[in-house]
Amino acid sequence: MDTSLLAQHRLGLILVALAALCWSSAGLFTRSIDLDLMTLLFVRGIFSGLAVFTLHCMLEKRFAISDFGKMGWPGIGVAILSAMSMITGIGSIFYGKVADAMVIYATVPFITAALAWLLIGERTTRSTVIASCVALLGVVIMLWGADWGGPMFARGLALLMSLGMAGFSIIMRRHRDLPMLPAMAASAWLAAFTCFWFADITTITPTQLGLTAAFGVLQNAAGLAFYTLGTRRLSAAEATLLAALEVPFTPLWVWLFLNETPGIWTLAGGAVVLAALFTHITGEFRRGGTTTESEFAPTP
């Protein structure tokens, strides 16, 4: 395989892994910000959209504004699905149990692989399938001793989040020649606009505002930017597989910074997930010419 294409694929692996690390800080922020869900999502979306749009302007300079028109219907679809995932993902944890949300979220690589094959004819590599199965096993171990029984409403939100992420990942992969950072900025603002009608901004203190701004920029915007740039270089299924790094790292950060000790099953399952994903990443870095060039072709 062409060395430039291999380098693009490796860069994609790193970018999506960084996105997952950014997203995994959600637990730290949600535990530290005492706001209702709609107010939190409204303020978070405003700052997240501004950060992504600023990054796009820095990268594209004078073409930044015109790129909103170039993204077309695929960009609109990405914005809607991403906004839906933002709202439902946090909502599934807010209204239900983390255990329920995690086990549903762990199905995203499988949903993505199936939809990508049906909708755009993209086949998933055997190594991605194997790593996805091992990662799912790790999640099952993490949830072995978890407290189950959350409301069906929260589970429904988690399912919508999973479908939304699979959907916008496939669209971005299929239309990787289109500018998608504007779509991600628009998705954050769309989420903010949706939540605005139910938010109460009069309750926000300066400290909460600062934390929520950091939540929007460091957790959401950075994750969206890394994921958008990375998924253009990976298959849709592989991108969502690497995003599963968020699952074991979320309780890890809460443990390290908030002294909430995870259970033995969480530690054991998290180790399995990390082993599966890092083995996959290492294996992909060592791959040579066994992969077709079209599979990892960068944006034209």
# chains A, B, ... in the order shown; residues from 1 in each chain; ligands from 1
>>> select_by_dssp(residues="range 124-193 of chain A", states="alpha helix (DSSP H)", output="ChimeraX atom specification")
/A:126-142,152-174,181-193
>>> residues_around(residues="Val78 in chain A", least_positions_apart="4", cutoff="10 Å", atoms="only C-alpha atoms", output="compact mmCIF listing (two decimals) with N, CA and C atoms, in the first residue's frame")
# COMPACT_ATOMS: atom_id res chain seq x y z
N MET A 71 -21.26 22.24 2.42
CA MET A 71 -21.49 20.95 3.08
C MET A 71 -22.81 20.32 2.64
N TRP A 73 -26.66 18.86 1.88
CA TRP A 73 -27.53 17.99 2.66
C TRP A 73 -26.77 17.00 3.53
N PRO A 74 -25.63 16.45 3.09
CA PRO A 74 -24.88 15.56 4.00
C PRO A 74 -24.46 16.28 5.28
N SER A 82 -25.71 14.49 14.92
CA SER A 82 -24.76 14.78 15.98
C SER A 82 -25.44 15.51 17.14
N ALA A 83 -26.30 16.47 16.83
CA ALA A 83 -27.03 17.19 17.88
C ALA A 83 -27.91 16.23 18.68
N MET A 84 -28.55 15.32 17.97
CA MET A 84 -29.38 14.32 18.64
C MET A 84 -28.53 13.46 19.58
N GLY A 164 -27.58 7.67 16.30
CA GLY A 164 -27.13 8.96 15.77
C GLY A 164 -25.64 8.97 15.47
N MET A 165 -24.84 8.42 16.38
CA MET A 165 -23.39 8.38 16.16
C MET A 165 -23.04 7.51 14.98
N GLY A 167 -24.94 6.91 12.44
CA GLY A 167 -25.41 7.60 11.25
C GLY A 167 -24.49 8.71 10.78
N PHE A 168 -24.08 9.59 11.71
CA PHE A 168 -23.25 10.70 11.24
C PHE A 168 -21.83 10.23 10.92
N SER A 169 -21.37 9.13 11.53
CA SER A 169 -20.06 8.58 11.18
C SER A 169 -20.06 8.06 9.74
N ILE A 170 -21.14 7.40 9.36
CA ILE A 170 -21.25 6.87 8.00
C ILE A 170 -21.34 8.00 6.98
N ILE A 171 -22.12 9.02 7.28
CA ILE A 171 -22.25 10.15 6.35
C ILE A 171 -20.90 10.85 6.16
N MET A 172 -20.18 11.07 7.25
CA MET A 172 -18.88 11.73 7.15
C MET A 172 -17.90 10.89 6.35
N MET A 180 -16.70 19.11 6.99
CA MET A 180 -17.63 18.66 8.02
C MET A 180 -17.45 19.36 9.36
N PRO A 182 -17.78 22.57 9.85
CA PRO A 182 -18.95 23.46 9.99
C PRO A 182 -20.19 22.71 10.43
N ALA A 183 -20.36 21.49 9.97
CA ALA A 183 -21.52 20.69 10.38
C ALA A 183 -21.47 20.39 11.87
N MET A 184 -20.26 20.13 12.39
CA MET A 184 -20.13 19.86 13.82
C MET A 184 -20.39 21.10 14.66
N ALA A 186 -22.36 23.51 13.72
CA ALA A 186 -23.80 23.68 13.62
C ALA A 186 -24.55 22.71 14.53
N SER A 187 -24.02 21.49 14.68
CA SER A 187 -24.69 20.51 15.54
C SER A 187 -24.69 20.96 17.00
>>> closest_residue(among="A:Ala51, A:Leu28, A:Leu15, A:Ile111", to="Phe257 in chain A", atoms="only C-alpha atoms")
A:Leu28
>>> closest_atom_pairs(of="range 184-287 of chain A", to="range 6-9 of chain A", cutoff="12 Å", atoms="only C-alpha atoms", output="Markdown table")
| residue | atom | partner | partner_atom | distance |
| --- | --- | --- | --- | --- |
| A:Leu229 | CA | A:Gln8 | CA | 10.6 |
| A:Gly230 | CA | A:His9 | CA | 8.5 |
| A:Thr231 | CA | A:His9 | CA | 9.4 |
| A:Arg232 | CA | A:His9 | CA | 9.1 |
| A:Arg233 | CA | A:His9 | CA | 5.4 |
| A:Leu234 | CA | A:His9 | CA | 6.2 |
| A:Ser235 | CA | A:His9 | CA | 9.4 |
| A:Glu238 | CA | A:His9 | CA | 10.7 |
| A:Ala239 | CA | A:His9 | CA | 10.8 |
| A:Ile281 | CA | A:His9 | CA | 10.5 |
| A:Glu284 | CA | A:His9 | CA | 8.5 |
| A:Phe285 | CA | A:Leu6 | CA | 8.3 |
| A:Arg286 | CA | A:Leu6 | CA | 9.8 |
| A:Arg287 | CA | A:Leu6 | CA | 8.4 |
>>> write_last_selection(atoms="N, CA and C atoms", output="compact mmCIF listing (two decimals), in the first residue's frame")
# COMPACT_ATOMS: atom_id res chain seq x y z
N LEU A 229 -11.93 15.01 11.91
CA LEU A 229 -10.70 14.92 11.11
C LEU A 229 -10.21 13.48 11.01
N GLY A 230 -10.44 12.68 12.05
CA GLY A 230 -9.95 11.31 12.04
C GLY A 230 -10.80 10.36 11.23
N THR A 231 -12.13 10.52 11.29
CA THR A 231 -13.01 9.55 10.63
C THR A 231 -12.94 9.64 9.11
N ARG A 232 -12.39 10.72 8.58
CA ARG A 232 -12.19 10.83 7.14
C ARG A 232 -11.10 9.88 6.66
N ARG A 233 -10.29 9.39 7.58
CA ARG A 233 -9.16 8.53 7.23
C ARG A 233 -9.36 7.08 7.65
N LEU A 234 -10.52 6.76 8.25
CA LEU A 234 -10.80 5.41 8.73
C LEU A 234 -12.15 4.95 8.19
N SER A 235 -12.37 3.66 8.24
CA SER A 235 -13.71 3.16 7.96
C SER A 235 -14.64 3.59 9.08
N GLU A 238 -14.46 1.22 12.11
CA GLU A 238 -13.22 1.34 12.88
C GLU A 238 -13.21 2.62 13.70
N ALA A 239 -13.75 3.70 13.16
CA ALA A 239 -13.80 4.95 13.90
C ALA A 239 -14.65 4.81 15.15
N ILE A 281 -4.97 -0.99 17.57
CA ILE A 281 -4.21 0.18 17.12
C ILE A 281 -2.78 -0.21 16.77
N GLU A 284 -2.66 -2.18 13.55
CA GLU A 284 -2.86 -1.35 12.37
C GLU A 284 -1.61 -0.53 12.04
N PHE A 285 -0.88 -0.12 13.06
CA PHE A 285 0.35 0.63 12.81
C PHE A 285 1.42 -0.25 12.16
N ARG A 286 1.33 -1.55 12.40
CA ARG A 286 2.34 -2.47 11.84
C ARG A 286 1.95 -3.02 10.48
N ARG A 287 0.72 -2.74 10.05
CA ARG A 287 0.25 -3.31 8.79
C ARG A 287 0.98 -2.69 7.62
>>> closest_residue(among="A:Gly223, A:Leu277, A:Ala191, A:Ala116", to="Leu81 in chain A", atoms="only C-alpha atoms")
A:Ala191
>>> residues_around(residues="Thr202 in chain A", least_positions_apart="4", cutoff="12 Å", atoms="only C-alpha atoms", output="list in words")
Leu35, Asp36, Thr39, Val43, Pro206, Gln208 and Leu209 of chain A
>>> closest_residue(among="A:Phe68, A:Trp23, A:Phe53, A:Trp144", to="Met86 in chain A", atoms="only C-alpha atoms")
A:Trp23
>>> atom_distance(atom1="CA of Leu181 in chain A", atom2="CA of Met58 in chain A")
11.5 Å
>>> residues_around(residues="Val129 in chain A", least_positions_apart="3", cutoff="10 Å", atoms="only C-alpha atoms", output="ChimeraX atom specification")
/A:109-110,113,124-126,132-135,237-238,241
>>> write_last_selection(atoms="N, CA and C atoms", output="compact mmCIF listing (two decimals), in the first residue's frame")
# COMPACT_ATOMS: atom_id res chain seq x y z
N PRO A 109 -20.13 0.09 17.30
CA PRO A 109 -19.34 -0.43 16.17
C PRO A 109 -20.09 -1.45 15.33
N PHE A 110 -20.91 -2.28 15.97
CA PHE A 110 -21.67 -3.29 15.23
C PHE A 110 -22.79 -2.65 14.41
N ALA A 113 -21.05 -0.89 11.48
CA ALA A 113 -20.58 -1.83 10.46
C ALA A 113 -21.73 -2.33 9.60
N THR A 124 -16.11 -4.17 6.60
CA THR A 124 -15.30 -4.02 7.81
C THR A 124 -14.20 -5.07 7.83
N THR A 125 -12.99 -4.67 8.19
CA THR A 125 -11.89 -5.62 8.24
C THR A 125 -12.09 -6.61 9.38
N ARG A 126 -11.49 -7.78 9.21
CA ARG A 126 -11.62 -8.82 10.22
C ARG A 126 -11.05 -8.37 11.56
N SER A 132 -13.83 -5.42 18.08
CA SER A 132 -15.15 -4.99 18.55
C SER A 132 -15.76 -6.04 19.47
N CYS A 133 -15.64 -7.31 19.10
CA CYS A 133 -16.19 -8.39 19.93
C CYS A 133 -15.48 -8.48 21.28
N VAL A 134 -14.16 -8.36 21.28
CA VAL A 134 -13.41 -8.41 22.54
C VAL A 134 -13.76 -7.20 23.40
N ALA A 135 -13.88 -6.02 22.79
CA ALA A 135 -14.24 -4.82 23.54
C ALA A 135 -15.63 -4.97 24.16
N ALA A 237 -16.84 1.87 10.78
CA ALA A 237 -16.86 0.92 11.88
C ALA A 237 -15.61 1.03 12.75
N GLU A 238 -14.46 1.22 12.11
CA GLU A 238 -13.22 1.34 12.88
C GLU A 238 -13.21 2.62 13.70
N LEU A 241 -15.34 2.05 16.68
CA LEU A 241 -14.66 1.12 17.57
C LEU A 241 -13.67 1.86 18.46
>>> closest_residue(among="A:Leu55, A:Leu37, A:Ala166, A:Ala101", to="Leu119 in chain A", atoms="only C-alpha atoms")
A:Ala166
>>> residues_around(residues="Ala192 in chain A", least_positions_apart="5", cutoff="7 Å", atoms="only C-alpha atoms", output="MDAnalysis selection string")
chainID A and resid 41:43 45:46
>>> residues_around(residues="Ala158 in chain A", least_positions_apart="2", cutoff="7 Å", atoms="only C-alpha atoms", output="list in words")
Thr88, Gly89, Ser92, Ala101, Ile104, Tyr105, Ala154, Arg155, Gly156, Leu160, Met161 and Ser162 of chain A
>>> atom_distance(atom1="CA of Val139 in chain A", atom2="CA of Asp34 in chain A")
28.5 Å
>>> atom_distance(atom1="CA of Ile14 in chain A", atom2="CA of Thr228 in chain A")
12.2 Å
>>> closest_residue(among="A:Ala236, A:Leu136, A:Ala225, A:Leu18", to="Glu122 in chain A", atoms="only C-alpha atoms")
A:Ala236
